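Text of the file run02.pdb, holding PDB, C-alpha atoms:
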```pdb
ATOM      1  CA  SER A  13     -14.893  28.543 -14.808
ATOM      2  CA  PRO A  14     -17.073  25.501 -15.557
ATOM      3  CA  PRO A  15     -15.322  22.111 -15.712
ATOM      4  CA  ALA A  16     -14.191  20.892 -19.118
ATOM      5  CA  VAL A  17     -15.504  17.602 -20.455
ATOM      6  CA  VAL A  18     -12.562  15.410 -21.457
ATOM      7  CA  ALA A  19     -14.389  12.090 -21.906
ATOM      8  CA  SER A  20     -18.020  11.139 -22.099
ATOM      9  CA  GLY A  21     -20.242   8.366 -23.317
ATOM     10  CA  ALA A  22     -22.334   5.508 -22.011
ATOM     11  CA  PHE A  23     -19.313   3.201 -21.860
ATOM     12  CA  LEU A  24     -16.828   5.359 -19.951
ATOM     13  CA  LEU A  25     -15.100   2.717 -17.809
ATOM     14  CA  ASP A  26     -12.311   4.602 -16.076
ATOM     15  CA  LEU A  27     -10.536   7.945 -15.858
ATOM     16  CA  ARG A  28      -6.962   8.239 -14.616
ATOM     17  CA  ALA A  29      -4.084  10.720 -14.739
ATOM     18  CA  GLY A  30      -0.428  10.256 -15.649
ATOM     19  CA  ASP A  31       2.458  11.832 -17.540
ATOM     20  CA  VAL A  32       2.463   9.581 -20.589
ATOM     21  CA  ASP A  33       4.614  11.884 -22.752
ATOM     22  CA  GLY A  34       7.297  12.652 -20.163
ATOM     23  CA  ASP A  35       6.908  16.431 -20.323
ATOM     24  CA  GLY A  36       6.385  16.846 -16.583
ATOM     25  CA  ASP A  37       2.630  17.493 -16.850
ATOM     26  CA  ARG A  38       0.010  14.863 -16.155
ATOM     27  CA  GLU A  39      -2.573  14.071 -18.803
ATOM     28  CA  ALA A  40      -6.101  12.783 -18.259
ATOM     29  CA  ILE A  41      -6.446   9.206 -19.545
ATOM     30  CA  SER A  42      -9.894   7.803 -20.224
ATOM     31  CA  LEU A  43     -10.950   4.243 -20.990
ATOM     32  CA  THR A  44     -14.093   3.676 -23.022
ATOM     33  CA  SER A  45     -15.439   0.475 -24.476
ATOM     34  CA  GLY A  46     -18.409  -1.224 -25.996
ATOM     35  CA  ALA A  47     -16.869  -4.666 -25.463
ATOM     36  CA  THR A  48     -14.392  -6.197 -23.052
ATOM     37  CA  SER A  49     -11.837  -7.367 -25.635
ATOM     38  CA  THR A  50     -10.994  -4.098 -27.429
ATOM     39  CA  SER A  51     -11.170  -0.710 -25.730
ATOM     40  CA  THR A  52     -10.319   2.870 -26.582
ATOM     41  CA  VAL A  53      -7.718   4.657 -24.488
ATOM     42  CA  SER A  54      -7.758   8.420 -24.959
ATOM     43  CA  VAL A  55      -5.017  10.760 -23.761
ATOM     44  CA  HIS A  56      -6.320  14.277 -23.052
ATOM     45  CA  ALA A  57      -3.483  16.824 -22.843
ATOM     46  CA  ALA A  58      -4.344  20.222 -21.343
ATOM     47  CA  ARG A  59      -3.701  23.140 -23.685
ATOM     48  CA  GLY A  60      -4.832  25.986 -21.411
ATOM     49  CA  GLY A  61      -8.099  27.844 -21.193
ATOM     50  CA  GLY A  62     -10.013  24.640 -20.456
ATOM     51  CA  ALA A  63      -9.071  23.105 -23.824
ATOM     52  CA  PHE A  64      -7.699  19.587 -24.290
ATOM     53  CA  LEU A  65      -5.945  17.897 -27.186
ATOM     54  CA  THR A  66      -7.204  14.314 -27.381
ATOM     55  CA  THR A  67      -5.373  11.402 -28.962
ATOM     56  CA  SER A  68      -7.100   8.021 -28.979
ATOM     57  CA  PHE A  69      -5.759   4.476 -29.270
ATOM     58  CA  VAL A  70      -7.707   1.274 -29.824
ATOM     59  CA  LEU A  71      -5.994  -1.341 -27.668
ATOM     60  CA  PRO A  72      -6.806  -4.881 -26.466
ATOM     61  CA  ILE A  73      -6.703  -3.538 -22.919
ATOM     62  CA  GLY A  74     -10.034  -4.899 -21.650
ATOM     63  CA  ASN A  75     -12.084  -3.021 -19.088
ATOM     64  CA  ARG A  76      -9.399  -2.415 -16.418
ATOM     65  CA  LEU A  77      -6.798   0.358 -16.374
ATOM     66  CA  ALA A  78      -3.926   1.334 -14.102
ATOM     67  CA  VAL A  79      -1.407   4.053 -14.947
ATOM     68  CA  GLY A  80       2.214   4.362 -13.818
ATOM     69  CA  ASP A  81       5.857   4.173 -14.911
ATOM     70  CA  VAL A  82       6.369   0.408 -14.791
ATOM     71  CA  ASP A  83       9.585   0.341 -16.860
ATOM     72  CA  GLY A  84      11.385   3.221 -15.140
ATOM     73  CA  ASP A  85      11.901   5.383 -18.216
ATOM     74  CA  GLY A  86      10.191   8.504 -16.837
ATOM     75  CA  ASP A  87       6.817   8.343 -18.570
ATOM     76  CA  ALA A  88       3.588   6.658 -17.518
ATOM     77  CA  ASP A  89       2.618   3.300 -18.977
ATOM     78  CA  LEU A  90      -0.697   1.448 -18.970
ATOM     79  CA  VAL A  91      -1.630  -1.812 -17.286
ATOM     80  CA  GLY A  92      -4.791  -3.288 -18.729
ATOM     81  CA  GLN A  93      -6.902  -6.245 -17.820
ATOM     82  CA  SER A  94      -4.436  -8.809 -19.138
ATOM     83  CA  GLN A  95      -1.386  -6.934 -20.459
ATOM     84  CA  THR A  96       1.040  -4.039 -19.952
ATOM     85  CA  PHE A  97       1.373  -1.356 -22.630
ATOM     86  CA  PHE A  98       4.493   0.844 -22.716
ATOM     87  CA  SER A  99       4.292   4.537 -23.580
ATOM     88  CA  ALA A 100       6.669   5.119 -26.516
ATOM     89  CA  GLY A 101       6.894   8.474 -28.298
ATOM     90  CA  GLY A 102       3.204   9.153 -28.775
ATOM     91  CA  THR A 103       2.002   5.595 -29.040
ATOM     92  CA  PHE A 104       1.701   2.486 -26.859
ATOM     93  CA  LEU A 105       3.581  -0.769 -27.416
ATOM     94  CA  PRO A 106       2.462  -4.161 -26.016
ATOM     95  CA  GLY A 107       4.405  -5.531 -23.056
ATOM     96  CA  PRO A 108       4.216  -8.579 -20.774
ATOM     97  CA  SER A 109       0.930 -10.351 -20.170
ATOM     98  CA  LEU A 110      -0.863 -10.565 -16.818
ATOM     99  CA  THR A 111      -1.672 -14.098 -15.665
ATOM    100  CA  PRO A 112      -4.377 -14.427 -14.505
ATOM    101  CA  PRO A 113      -6.065 -11.291 -15.863
ATOM    102  CA  LEU A 114      -7.270  -8.584 -13.507
ATOM    103  CA  ALA A 115     -10.724  -9.313 -12.104
ATOM    104  CA  ALA A 116     -11.254  -5.883 -10.549
ATOM    105  CA  SER A 117      -9.907  -2.332 -10.574
ATOM    106  CA  ALA A 118      -6.262  -1.887  -9.641
ATOM    107  CA  THR A 119      -3.726   0.756  -8.579
ATOM    108  CA  LEU A 120       0.029   0.906  -9.161
ATOM    109  CA  ALA A 121       2.226   1.682  -6.131
ATOM    110  CA  ASP A 122       5.603   0.606  -4.748
ATOM    111  CA  VAL A 123       4.391  -1.242  -1.656
ATOM    112  CA  ASP A 124       7.606  -3.214  -1.017
ATOM    113  CA  ASP A 125       9.926  -0.202  -1.325
ATOM    114  CA  ASP A 126      12.183  -1.697  -4.003
ATOM    115  CA  GLY A 127      11.798   1.094  -6.569
ATOM    116  CA  VAL A 128       9.501  -0.953  -8.834
ATOM    117  CA  LEU A 129       5.742  -0.354  -9.019
ATOM    118  CA  ASP A 130       3.489  -3.144  -7.783
ATOM    119  CA  LEU A 131      -0.138  -3.832  -8.687
ATOM    120  CA  VAL A 132      -2.812  -3.649  -5.968
ATOM    121  CA  GLU A 133      -6.181  -5.052  -7.043
ATOM    122  CA  THR A 134      -9.549  -4.499  -5.323
ATOM    123  CA  PRO A 135     -10.184  -5.402  -2.591
ATOM    124  CA  ALA A 136      -6.589  -6.273  -1.558
ATOM    125  CA  THR A 137      -4.720  -8.594  -3.905
ATOM    126  CA  LEU A 138      -1.053  -7.796  -4.515
ATOM    127  CA  ARG A 139       1.125  -8.599  -7.519
ATOM    128  CA  LEU A 140       4.743  -7.584  -6.919
ATOM    129  CA  GLY A 141       6.431  -5.750  -9.767
ATOM    130  CA  LEU A 142       9.315  -7.682 -11.333
ATOM    131  CA  GLY A 143      10.578  -4.845 -13.527
ATOM    132  CA  GLY A 144      10.098  -4.281 -17.230
ATOM    133  CA  GLY A 145       6.313  -4.183 -16.883
ATOM    134  CA  ALA A 146       6.062  -7.755 -15.566
ATOM    135  CA  PHE A 147       4.288  -8.742 -12.347
ATOM    136  CA  GLY A 148       4.396 -11.767 -10.087
ATOM    137  CA  PRO A 149       1.451 -14.007  -9.211
ATOM    138  CA  PRO A 150      -1.433 -12.526  -7.212
ATOM    139  CA  VAL A 151      -1.178 -12.807  -3.424
ATOM    140  CA  VAL A 152      -4.228 -12.111  -1.255
ATOM    141  CA  ALA A 153      -3.564  -9.758   1.665
ATOM    142  CA  GLY A 154      -4.135 -10.816   5.250
ATOM    143  CA  ALA A 155      -7.004  -9.824   7.504
ATOM    144  CA  PRO A 156      -7.986  -6.152   7.221
ATOM    145  CA  VAL A 157      -8.108  -3.636  10.029
ATOM    146  CA  PRO A 158     -11.754  -2.434  10.219
ATOM    147  CA  ILE A 159     -12.169   1.339  10.226
ATOM    148  CA  GLY A 160     -15.915   1.684   9.882
ATOM    149  CA  PRO A 161     -19.183  -0.112   9.113
ATOM    150  CA  SER A 162     -18.726  -2.921   6.623
ATOM    151  CA  GLN A 163     -20.220  -2.296   3.208
ATOM    152  CA  ALA A 164     -20.394  -4.247  -0.014
ATOM    153  CA  TRP A 165     -17.579  -3.370  -2.411
ATOM    154  CA  LEU A 166     -17.712  -3.092  -6.158
ATOM    155  CA  SER A 167     -15.044  -4.403  -8.508
ATOM    156  CA  SER A 168     -15.046  -0.979 -10.191
ATOM    157  CA  GLN A 169     -13.909   0.756  -6.985
ATOM    158  CA  ARG A 170     -10.122   0.826  -6.981
ATOM    159  CA  PRO A 171      -8.050   0.646  -3.794
ATOM    160  CA  ARG A 172      -6.116   3.650  -2.500
ATOM    161  CA  VAL A 173      -2.555   3.496  -1.179
ATOM    162  CA  VAL A 174      -1.299   5.811   1.566
ATOM    163  CA  ASP A 175       1.027   5.597   4.581
ATOM    164  CA  LEU A 176      -1.586   5.479   7.340
ATOM    165  CA  ASP A 177       0.592   4.364  10.251
ATOM    166  CA  GLN A 178       3.600   6.658   9.595
ATOM    167  CA  ASP A 179       6.149   3.879   9.125
ATOM    168  CA  GLY A 180       7.192   4.939   5.622
ATOM    169  CA  ASP A 181       5.376   2.051   3.895
ATOM    170  CA  LEU A 182       2.273   2.322   1.752
ATOM    171  CA  ASP A 183      -0.876   0.785   3.234
ATOM    172  CA  VAL A 184      -4.041  -0.127   1.320
ATOM    173  CA  VAL A 185      -7.469   1.406   1.856
ATOM    174  CA  ALA A 186      -9.970  -0.842   0.105
ATOM    175  CA  PRO A 187     -13.695  -0.348  -0.457
ATOM    176  CA  GLY A 188     -15.716  -1.322   2.555
ATOM    177  CA  PRO A 189     -13.932   0.590   4.060
ATOM    178  CA  ARG A 190     -11.134  -1.798   4.982
ATOM    179  CA  VAL A 191      -7.487  -1.055   5.786
ATOM    180  CA  TYR A 192      -4.620  -3.446   5.054
ATOM    181  CA  LEU A 193      -1.419  -2.385   6.796
ATOM    182  CA  ASP A 194       1.855  -3.046   4.994
ATOM    183  CA  ALA A 195       3.845  -5.439   7.220
ATOM    184  CA  MET A 196       7.195  -4.782   5.586
ATOM    185  CA  ARG A 197       8.208  -3.247   8.920
ATOM    186  CA  GLN A 198       5.511  -3.526  11.538
ATOM    187  CA  VAL A 199       4.805  -4.059  15.234
ATOM    188  CA  ALA A 200       1.437  -5.599  16.149
ATOM    189  CA  ASN A 201      -0.304  -6.932  19.247
ATOM    190  CA  ARG A 202      -1.329 -10.568  19.010
ATOM    191  CA  GLY A 203      -4.779 -10.546  20.552
ATOM    192  CA  THR A 204      -6.103  -8.654  23.578
ATOM    193  CA  VAL A 205      -3.739  -7.624  26.391
ATOM    194  CA  LEU A 206      -5.272  -9.135  29.552
ATOM    195  CA  LEU A 207      -4.531  -8.495  33.207
ATOM    196  CA  GLY A 208      -2.377 -11.232  34.740
ATOM    197  CA  ALA A 209      -1.764 -13.043  31.467
ATOM    198  CA  PRO A 210       1.158 -13.256  29.030
ATOM    199  CA  SER A 211       0.875 -11.028  25.964
ATOM    200  CA  THR A 212       2.725 -11.290  22.667
ATOM    201  CA  LEU A 213       3.974  -8.723  20.176
ATOM    202  CA  ASP A 214       4.689  -9.705  16.574
ATOM    203  CA  LEU A 215       7.484  -7.890  14.752
ATOM    204  CA  TYR A 216       7.744  -7.972  10.962
ATOM    205  CA  GLY A 217      10.760  -7.037   8.887
ATOM    206  CA  PRO A 218      12.981  -7.923   5.937
ATOM    207  CA  PRO A 219      14.749 -11.315   5.874
ATOM    208  CA  GLY A 220      18.016 -11.153   7.787
ATOM    209  CA  GLY A 221      17.448  -7.556   8.880
ATOM    210  CA  GLY A 222      18.209  -6.367  12.385
ATOM    211  CA  PHE A 223      15.661  -4.806  14.720
ATOM    212  CA  ALA A 224      15.492  -2.999  18.048
ATOM    213  CA  LEU A 225      12.202  -2.945  19.991
ATOM    214  CA  PHE A 226      11.476   0.002  22.307
ATOM    215  CA  ALA A 227       8.694   0.552  24.852
ATOM    216  CA  SER A 228       7.535   3.840  26.348
ATOM    217  CA  LEU A 229       4.980   5.025  28.872
ATOM    218  CA  ALA A 230       3.747   7.744  26.505
ATOM    219  CA  ALA A 231       3.098   8.295  22.812
ATOM    220  CA  SER A 232       4.480  11.285  20.945
ATOM    221  CA  GLU A 233       5.495  12.536  17.511
ATOM    222  CA  TRP A 234       9.100  13.554  16.943
ATOM    223  CA  PRO A 235      10.640  13.955  13.484
ATOM    224  CA  THR A 236      13.975  12.152  13.182
ATOM    225  CA  PRO A 237      16.338  11.297  10.292
ATOM    226  CA  PHE A 238      14.878   7.761  10.499
ATOM    227  CA  GLY A 239      11.196   8.660  10.292
ATOM    228  CA  THR A 240       8.746   9.790  12.929
ATOM    229  CA  ALA A 241       9.377   8.711  16.524
ATOM    230  CA  LEU A 242       5.873   7.846  17.752
ATOM    231  CA  ILE A 243       6.840   7.070  21.359
ATOM    232  CA  GLU A 244       8.100   9.553  23.942
ATOM    233  CA  PRO A 245      11.905   9.090  23.821
ATOM    234  CA  THR A 246      12.576  10.512  27.298
ATOM    235  CA  VAL A 247      10.739   7.583  28.922
ATOM    236  CA  ALA A 248      11.558   4.924  26.307
ATOM    237  CA  THR A 249      13.411   1.697  27.098
ATOM    238  CA  LEU A 250      15.155  -0.766  24.794
ATOM    239  CA  ILE A 251      13.289  -4.046  25.326
ATOM    240  CA  ALA A 252      14.791  -6.439  22.798
ATOM    241  CA  ASN A 253      17.023  -6.527  19.748
ATOM    242  CA  GLY A 254      18.065  -9.160  17.259
ATOM    243  CA  ALA A 255      17.629 -10.154  13.622
ATOM    244  CA  PHE A 256      14.866 -11.662  11.540
ATOM    245  CA  ALA A 257      15.343 -15.090  10.000
ATOM    246  CA  SER A 258      17.110 -15.030   6.648
ATOM    247  CA  GLY A 259      14.941 -17.680   5.011
ATOM    248  CA  PRO A 260      12.611 -17.197   2.038
ATOM    249  CA  GLY A 261       9.473 -15.116   2.301
ATOM    250  CA  TRP A 262       8.694 -11.449   2.782
ATOM    251  CA  PRO A 263       8.351 -10.198   5.400
ATOM    252  CA  GLN A 264       9.803 -12.347   8.184
ATOM    253  CA  ARG A 265       8.195 -12.432  11.625
ATOM    254  CA  THR A 266       9.571 -12.728  15.119
ATOM    255  CA  SER A 267       7.713 -12.486  18.428
ATOM    256  CA  TRP A 268       8.314 -11.162  21.936
ATOM    257  CA  THR A 269       6.159 -12.214  24.895
ATOM    258  CA  PHE A 270       5.855 -10.257  28.117
ATOM    259  CA  ALA A 271       3.983 -10.867  31.365
ATOM    260  CA  VAL A 272       1.198  -8.527  32.459
ATOM    261  CA  PRO A 273       1.032  -8.266  36.295
ATOM    262  CA  SER A 274      -2.228  -9.041  38.105
ATOM    263  CA  THR A 275      -2.409  -5.579  39.670
ATOM    264  CA  PRO A 276      -6.014  -4.286  39.218
ATOM    265  CA  ALA A 277      -4.796  -0.699  38.959
ATOM    266  CA  LEU A 278      -3.217  -1.572  35.586
ATOM    267  CA  VAL A 279      -6.602  -1.988  33.896
ATOM    268  CA  GLY A 280      -6.839   0.781  31.290
ATOM    269  CA  ALA A 281      -3.103   1.535  31.421
ATOM    270  CA  SER A 282      -1.203   1.599  28.116
ATOM    271  CA  LEU A 283       2.303   0.802  26.977
ATOM    272  CA  TYR A 284       3.536   2.099  23.620
ATOM    273  CA  TRP A 285       5.860   0.178  21.311
ATOM    274  CA  GLN A 286       7.982   1.090  18.299
ATOM    275  CA  SER A 287      10.756  -0.791  16.551
ATOM    276  CA  PHE A 288      13.766   0.256  14.493
ATOM    277  CA  ASP A 289      14.443  -1.516  11.197
ATOM    278  CA  ALA A 290      18.244  -1.602  10.949
ATOM    279  CA  ALA A 291      18.272  -2.799   7.325
ATOM    280  CA  ALA A 292      16.426   0.309   6.108
ATOM    281  CA  SER A 293      17.463   2.623   9.002
ATOM    282  CA  ARG A 294      13.786   3.393   9.512
ATOM    283  CA  LEU A 295      11.343   3.456  12.415
ATOM    284  CA  THR A 296       8.190   1.338  12.303
ATOM    285  CA  ASN A 297       4.594   2.069  13.191
ATOM    286  CA  LEU A 298       3.248   2.597  16.724
ATOM    287  CA  ALA A 299       1.633  -0.328  18.581
ATOM    288  CA  THR A 300      -0.357   0.256  21.770
ATOM    289  CA  SER A 301      -0.936  -2.347  24.477
ATOM    290  CA  THR A 302      -3.878  -1.337  26.681
ATOM    291  CA  VAL A 303      -4.570  -3.666  29.594
ATOM    292  CA  SER A 304      -8.108  -5.123  29.867
ATOM    293  CA  ALA A 305      -9.667  -7.025  32.762
ATOM    294  CA  ARG A 306      -9.984 -10.789  32.328
TER     295      ARG A 306
END
```
Can you turn what I pasted into structure tokens?
Amino acid sequence: SPPAVVASGAFLLDLRAGDVDGDGDREAISLTSGATSTSTVSVHAARGGGAFLTTSFVLPIGNRLAVGDVDGDGDADLVGQSQTFFSAGGTFLPGPSLTPPLAASATLADVDDDGVLDLVETPATLRLGLGGGAFGPPVVAGAPVPIGPSQAWLSSQRPRVVDLDQDGDLDVVAPGPRVYLDAMRQVANRGTVLLGAPSTLDLYGPPGGGFALFASLAASEWPTPFGTALIEPTVATLIANGAFASGPGWPQRTSWTFAVPSTPALVGASLYWQSFDAAASRLTNLATSTVSAR
């Protein structure tokens, strides 16, 4: 059957989906506006046969919209350009303000695994959720991991969140395309691994949490109760264990340096690393050290 039109007009700014009435079905949510101060949010509930029941609300939501359950009551709320609006029995009630206002499109996702939705703004600015629809100050993500030719990004293109490296944490795919890996629990090479030179691995984890770093001669994929084992366990060796510093800041970082022999035959050889986050009982991502000639 042909697609049904749920929202149209020259000033259609955004179209999202979320269960705003708590009935278990997601509704289409459109944002239209002729000005940036007052916008119309329309909830389009499917009624079968391609028909939709539309209810509209004029809200001071601006020209940005993110949808998700920010207060934990089971129905989807709205985050606008400068304020949260709570879904409440067929209407929306104003919540906490956003300071500063959103400058680009945003997505709600729990990137720090604390059960509270956070706000990820294009291209990669994070505001941690504080609960009750409030968010912390914006923090710009670190350097992205390039995955393709660089392109100009638009503020209207919202970021996507997905676990790309199989460590159980949500990573950010921003327009560009650019990838920002969540370092809540992460193993990463620091620079190029060179023949006959010391090389350093950086480990990231929660403050005060314990870790165990493993190395293997082969990569693999094995499902375990602690996530996916991405190194071959039959040839894996425990390299180091310890705990991250318990000071302020998330995440904490520790490093481990190893010597690469000067043997020419090692050029092109790889060693595979994975760590275990004891605080969350979860395995991290896979890091690969491939030896290059100097």
All residues 7 Å or closer to segment 114-128 of chain A, all atoms listed in the file, same chain fewer than 4 positions away omitted, as an mmCIF file with C-alpha atoms, in the coordinates of the input:
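And here is the file that came out, part.cif:
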```cif
data_model
loop_
_atom_site.group_PDB
_atom_site.id
_atom_site.type_symbol
_atom_site.label_atom_id
_atom_site.label_comp_id
_atom_site.auth_asym_id
_atom_site.auth_seq_id
_atom_site.Cartn_x
_atom_site.Cartn_y
_atom_site.Cartn_z
ATOM 1 C CA ARG A 76 -9.399 -2.415 -16.418
ATOM 2 C CA ALA A 78 -3.926 1.334 -14.102
ATOM 3 C CA VAL A 79 -1.407 4.053 -14.947
ATOM 4 C CA GLY A 80 2.214 4.362 -13.818
ATOM 5 C CA VAL A 82 6.369 0.408 -14.791
ATOM 6 C CA GLN A 93 -6.902 -6.245 -17.820
ATOM 7 C CA SER A 94 -4.436 -8.809 -19.138
ATOM 8 C CA VAL A 132 -2.812 -3.649 -5.968
ATOM 9 C CA GLU A 133 -6.181 -5.052 -7.043
ATOM 10 C CA THR A 134 -9.549 -4.499 -5.323
ATOM 11 C CA GLY A 141 6.431 -5.750 -9.767
ATOM 12 C CA GLY A 143 10.578 -4.845 -13.527
ATOM 13 C CA SER A 167 -15.044 -4.403 -8.508
ATOM 14 C CA SER A 168 -15.046 -0.979 -10.191
ATOM 15 C CA GLN A 169 -13.909 0.756 -6.985
ATOM 16 C CA ARG A 170 -10.122 0.826 -6.981
ATOM 17 C CA PRO A 171 -8.050 0.646 -3.794
ATOM 18 C CA ASP A 181 5.376 2.051 3.895
ATOM 19 C CA LEU A 182 2.273 2.322 1.752
ATOM 20 C CA MET A 196 7.195 -4.782 5.586
#
```
Practice prompt. Name the residues captured by the PyMOL selection byres ((chain A and resi 64) around 10) when it is applied to the shown file; answer as a ChimeraX atom specification.
Written response: /A:16-18,39-40,55-63,65-67
Practice prompt. Run the PyMOL selection byres ((chain A and resi 204) around 9) on the file and write out the hits as a ChimeraX atom specification.
Written response: /A:201-203,205-206,211,301-304
Item to complete: Please evaluate the PyMOL selection byres ((chain A and resi 51) around 12) against the displayed coordinates and give the resulting residues as a ChimeraX atom specification.
Response: /A:23-26,42-50,52-54,68-77,92-93
Residues at most 10 Å from Ser258 of chain A, counting all atoms listed in the file, excluding those fewer than 2 positions away in the same chain, as a tab-separated table (two decimals) with C-alpha atoms, keeping the file's coordinate frame?
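Once everything was written out, this is out14.tsv:
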```tsv
chain	number	residue	atom	x	y	z
A	218	PRO	CA	12.98	-7.92	5.94
A	219	PRO	CA	14.75	-11.32	5.87
A	220	GLY	CA	18.02	-11.15	7.79
A	221	GLY	CA	17.45	-7.56	8.88
A	255	ALA	CA	17.63	-10.15	13.62
A	256	PHE	CA	14.87	-11.66	11.54
A	260	PRO	CA	12.61	-17.20	2.04
A	261	GLY	CA	9.47	-15.12	2.30
A	262	TRP	CA	8.69	-11.45	2.78
A	264	GLN	CA	9.80	-12.35	8.18
```
Item to complete: Mind giving me the straight-line distance from atom CA of Ser282 of chain A to atom CA of Ala227 of chain A in Å, one decimal?
Response: 10.5 Å
Discussion item. So, with only C-alpha atoms as the atoms that count, which of A:Asp194, A:Phe104, A:Ala88, A:Pro235 lies closest to Asp35 of chain A?
Written reply: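 Selected residue with least distance to Asp35 of chain A: A:Ala88.
As for atom CA of Asp214 of chain A and atom CA of Ala200 of chain A, they are spaced 5.3 Å apart.
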Discussion item. What's the separation between atom CA of Ala271 of chain A and atom CA of Leu213 of chain A, in Å to one decimal place?
Written reply: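 Separating atom CA of Ala271 of chain A from atom CA of Leu213 of chain A is a distance of 11.4 Å.
Closest approach to Val184 of chain A from the set A:Ala252, A:Leu131, A:Leu283, A:Ala277 is made by A:Leu131, with distances taken over all atoms listed in the file.
For the residues A:Ala290, A:Ile41, A:Leu215, A:Leu27, ranking by smallest atom-to-atom distance to Gln198 of chain A using only C-alpha atoms places A:Leu215 first.
Compared by their closest atoms to Asn253 of chain A, and using all atoms listed in the file, the residues A:Val32, A:Leu225, A:Ala292, A:Val191 rank with A:Leu225 nearest.
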Padding of 5 Å on every side, edges along x, y and z, all listed atoms of segment 240-249 of chain A included: what centre and edge lengths in Å, to one decimal, does that box have, as JSON?
```
{"center_x": 9.6, "center_y": 6.1, "center_z": 20.9, "size_x": 17.5, "size_y": 18.8, "size_z": 26.0}
```
